[in-house]
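Chemist: Okay, handing you the structure first.
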Amino acid sequence: MLAAYAVHVEHSRGRRFPQPSHPYRNDFQRDRDRIIHARAFRRLEAKTQVFTRRYSDHFRNRLTHTLEVAQISRTIASALNLNVDLAEALALVHDIGHPPFGHAGEKALDAAMREHGLIFDHNLHALRIVEDFEQRYAAFRGLNLTFEVREGIIKHSHDYCADEYPELAEYLLDLRPPLEAQLIDLTDEIAYNTADLDDGFEAHLLSLEQIRAGVPVFDHFFRDAECIYPGVADKLKFNEAVKGMLNRFVSDLIENTQKRLERAGIQMLDQIRNCPERLAAFSPEVEVERREAKKFLYENLYYSPSLAGEKDDAERLVSELFAFWIKNPSALPPNYQEKAEQESLPRIVCDYIAGMTDNFIYEQYEKHCGGMR
Ligand code: MG
């Protein structure tokens with residue numbers, strides 16, 4: 001049973017280009033399917049999450065991370081009687097705007113854009129992808145997604161100020177997004193705070209002792225595993241601890257969000273939209289644990305000296321290629337040259353680079369900048 005405050009698909013504000021309904025898939029299910037069939041979605045497979053393939057083929061990439069976020073989001077949405085189809089579509093699309101090389105690529109692209117008085121923001125870029133770049137249908141450009149999915153793309157992780165982004169006015173920037181969108185940001189955190197411990201440990205960049213000392217919630221579940229399974233290998237106890245942590249975060253998010261809904265007397269979706277704060281949240285206790293885990297990962301993994309070299313390379317590649325195409329727009333593919341007649345050249349170069357996979361950008365660097373030094 002869908003809660004009254006869930007998004008009901010029959011109340012959707014619909015698509016930009018109206019289309020007849022489908023005989024056996026509702027509009028959010030169709031959006032989910034359109035996202036999965038998009039080219040930008042498939043490219044997530046060859047985009048860095050934290051590690052390039054230098055370490056191992058079984059580490060997360062942006063696609064497998066996305067699948068983990070979708071899986072966790074479905075569980076949470078279902079437990080809260082929210083619209084699972086909408087939550088799933090939003091989870092699957094949440095990282096579609098990410099450039100190659102994870103956060104290093106994003107940072108370099110944003111820095112390059114700022115030199116031209118512009119910015120790069122992956123949520124805004126995701127909207128450009130689904131509204132324009134994806135060309136799969138004869139009747140319209142883009143994926144023609146429902147309003148609720150486009151709104152969630154923009155608003156799931158933070159609020160945009162209406163004065164600064166007049167072009168986003170249709171997305172009700174003065175209102176909170178529905179819970180289905182609110183939970184995506186927290187689910188994303190649950191997914192990477194646990195997965196990155198796992199991959200970091202497997203990569204030998206984080207030691208068991210280091211994680212136990214720096215992430216108290218992990219240590220708690222590791223101790224439990226030691227009591228229950230004293231004879232098993234450390235790696236299996238490690239897995240139990242990560243699983244315990246993930247389960248605690250998910251359960252807490254479900255229970256605490258439920259409590260907050262009750263406390264705020266929420267009955268209808270409009271009340272969620274008009275609430276001054278987001279209602280999807282961890283309890284204060286688990287919020288502390290989430291922050292500790294995240295801080296640990298920043299200090300010991302994301303900014304570790306072992307990853308610094310590939311990060312610097314990533315930033316250099318992006319900024320040198322950006323400068324190359326600004327100077328030599330005739331070296332851009334013809335469809336991007338055409339686009340540059342309607343929009344500023346830096347925006348078009350940014351679009352081109354943001355769409356690339358890690359492999360493709362290396363090839364381009366080889367071709368135009370003489371390869372890695
Ligand atoms: Mg993500």
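Identifiers in the structure tokens: chain A, B, ... in order shown; residue index from 1 per chain; ligand index from 1 in order shown.
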Distance limit 12 Å, reference ligand 1, atoms considered: only C-alpha atoms and all ligand atoms. Which residues make the cut? Give them as a PyMOL selection string.

Modeler: chain A and resi 44+47-50+60-70+73+90-98+102-103+122-123+153+156-157+184-193+195-196

Chemist: If you run DSSP over the backbone, which residues in range 93-189 of chain A end up helix (DSSP H, G or I)? Put them as a VMD selection string.

Modeler: chain A and resid 93 102 to 114 122 to 133 147 to 155 166 to 171 179 to 189

Chemist: Nearest to Arg291 in chain A: which of A:Val217, A:Asn239, A:Leu261, A:Leu279 is it, counting only C-alpha atoms?

Modeler: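 Closest candidate: A:Val217.
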
Chemist: From the set A:Cys275, A:Val232, A:Val288, A:Ala323, which residue has the shortest atom-to-atom contact distance to Leu179 in chain A, counting only C-alpha atoms?

Modeler: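 Closest to Leu179 in chain A of all the choices is A:Cys275.
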
Chemist: Kindly provide the residues of range 91-171 of chain A that approach range 350-368 of chain A to within 10 Å, each paired with its closest atom pair and their distance in Å to one decimal, based on only C-alpha atoms, listed by chain and increasing number, as JSON lines.

Modeler:
{"residue": "A:Ile96", "atom": "CA", "partner": "A:Gly355", "partner_atom": "CA", "distance": 9.1}
{"residue": "A:Gly97", "atom": "CA", "partner": "A:Ala354", "partner_atom": "CA", "distance": 7.4}
{"residue": "A:His98", "atom": "CA", "partner": "A:Ala354", "partner_atom": "CA", "distance": 6.7}
{"residue": "A:Pro99", "atom": "CA", "partner": "A:Ala354", "partner_atom": "CA", "distance": 4.0}
{"residue": "A:Pro100", "atom": "CA", "partner": "A:Asp358", "partner_atom": "CA", "distance": 5.0}
{"residue": "A:Phe101", "atom": "CA", "partner": "A:Asp358", "partner_atom": "CA", "distance": 6.2}
{"residue": "A:Gly102", "atom": "CA", "partner": "A:Asp358", "partner_atom": "CA", "distance": 9.3}
{"residue": "A:Gly105", "atom": "CA", "partner": "A:Ala354", "partner_atom": "CA", "distance": 8.4}
{"residue": "A:Glu106", "atom": "CA", "partner": "A:Ala354", "partner_atom": "CA", "distance": 8.2}
{"residue": "A:Leu109", "atom": "CA", "partner": "A:Cys350", "partner_atom": "CA", "distance": 6.9}
{"residue": "A:Asp110", "atom": "CA", "partner": "A:Cys350", "partner_atom": "CA", "distance": 8.8}
{"residue": "A:Ala112", "atom": "CA", "partner": "A:Cys350", "partner_atom": "CA", "distance": 8.6}
{"residue": "A:Met113", "atom": "CA", "partner": "A:Cys350", "partner_atom": "CA", "distance": 7.5}
{"residue": "A:Ile119", "atom": "CA", "partner": "A:Cys350", "partner_atom": "CA", "distance": 9.5}
{"residue": "A:Phe120", "atom": "CA", "partner": "A:Cys350", "partner_atom": "CA", "distance": 7.7}
{"residue": "A:His122", "atom": "CA", "partner": "A:Ala354", "partner_atom": "CA", "distance": 8.8}
{"residue": "A:His125", "atom": "CA", "partner": "A:Asp351", "partner_atom": "CA", "distance": 7.8}
{"residue": "A:Ala126", "atom": "CA", "partner": "A:Ala354", "partner_atom": "CA", "distance": 10.0}
{"residue": "A:Arg128", "atom": "CA", "partner": "A:Asp351", "partner_atom": "CA", "distance": 8.9}
{"residue": "A:Ile129", "atom": "CA", "partner": "A:Gly355", "partner_atom": "CA", "distance": 8.9}
{"residue": "A:Phe133", "atom": "CA", "partner": "A:Asp351", "partner_atom": "CA", "distance": 9.3}

Chemist: Neighbours of Asp198 in chain A within 8 Å (only C-alpha atoms; same-chain residues fewer than 4 positions away dropped), as a ChimeraX atom specification?

Modeler: /A:194,202,239,242

Chemist: Selected residues, N, CA, C and O atoms, written as an mmCIF file, in the first residue's frame, please.

Modeler:
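In the end it all went to again-v1.cif:
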data_model
loop_
_atom_site.group_PDB
_atom_site.id
_atom_site.type_symbol
_atom_site.label_atom_id
_atom_site.label_comp_id
_atom_site.auth_asym_id
_atom_site.auth_seq_id
_atom_site.Cartn_x
_atom_site.Cartn_y
_atom_site.Cartn_z
ATOM 1 N N THR A 194 30.134 2.409 2.808
ATOM 2 C CA THR A 194 30.426 1.006 3.087
ATOM 3 C C THR A 194 31.294 0.399 1.972
ATOM 4 O O THR A 194 32.294 -0.246 2.245
ATOM 5 N N GLU A 202 40.462 -4.034 0.253
ATOM 6 C CA GLU A 202 40.906 -4.991 -0.779
ATOM 7 C C GLU A 202 42.115 -4.462 -1.540
ATOM 8 O O GLU A 202 42.966 -5.226 -1.986
ATOM 9 N N ASN A 239 33.713 -8.623 6.139
ATOM 10 C CA ASN A 239 32.457 -8.572 5.372
ATOM 11 C C ASN A 239 31.251 -8.471 6.296
ATOM 12 O O ASN A 239 30.309 -7.728 6.026
ATOM 13 N N VAL A 242 31.012 -4.876 7.568
ATOM 14 C CA VAL A 242 30.491 -3.940 6.557
ATOM 15 C C VAL A 242 28.987 -4.150 6.399
ATOM 16 O O VAL A 242 28.211 -3.198 6.327
#
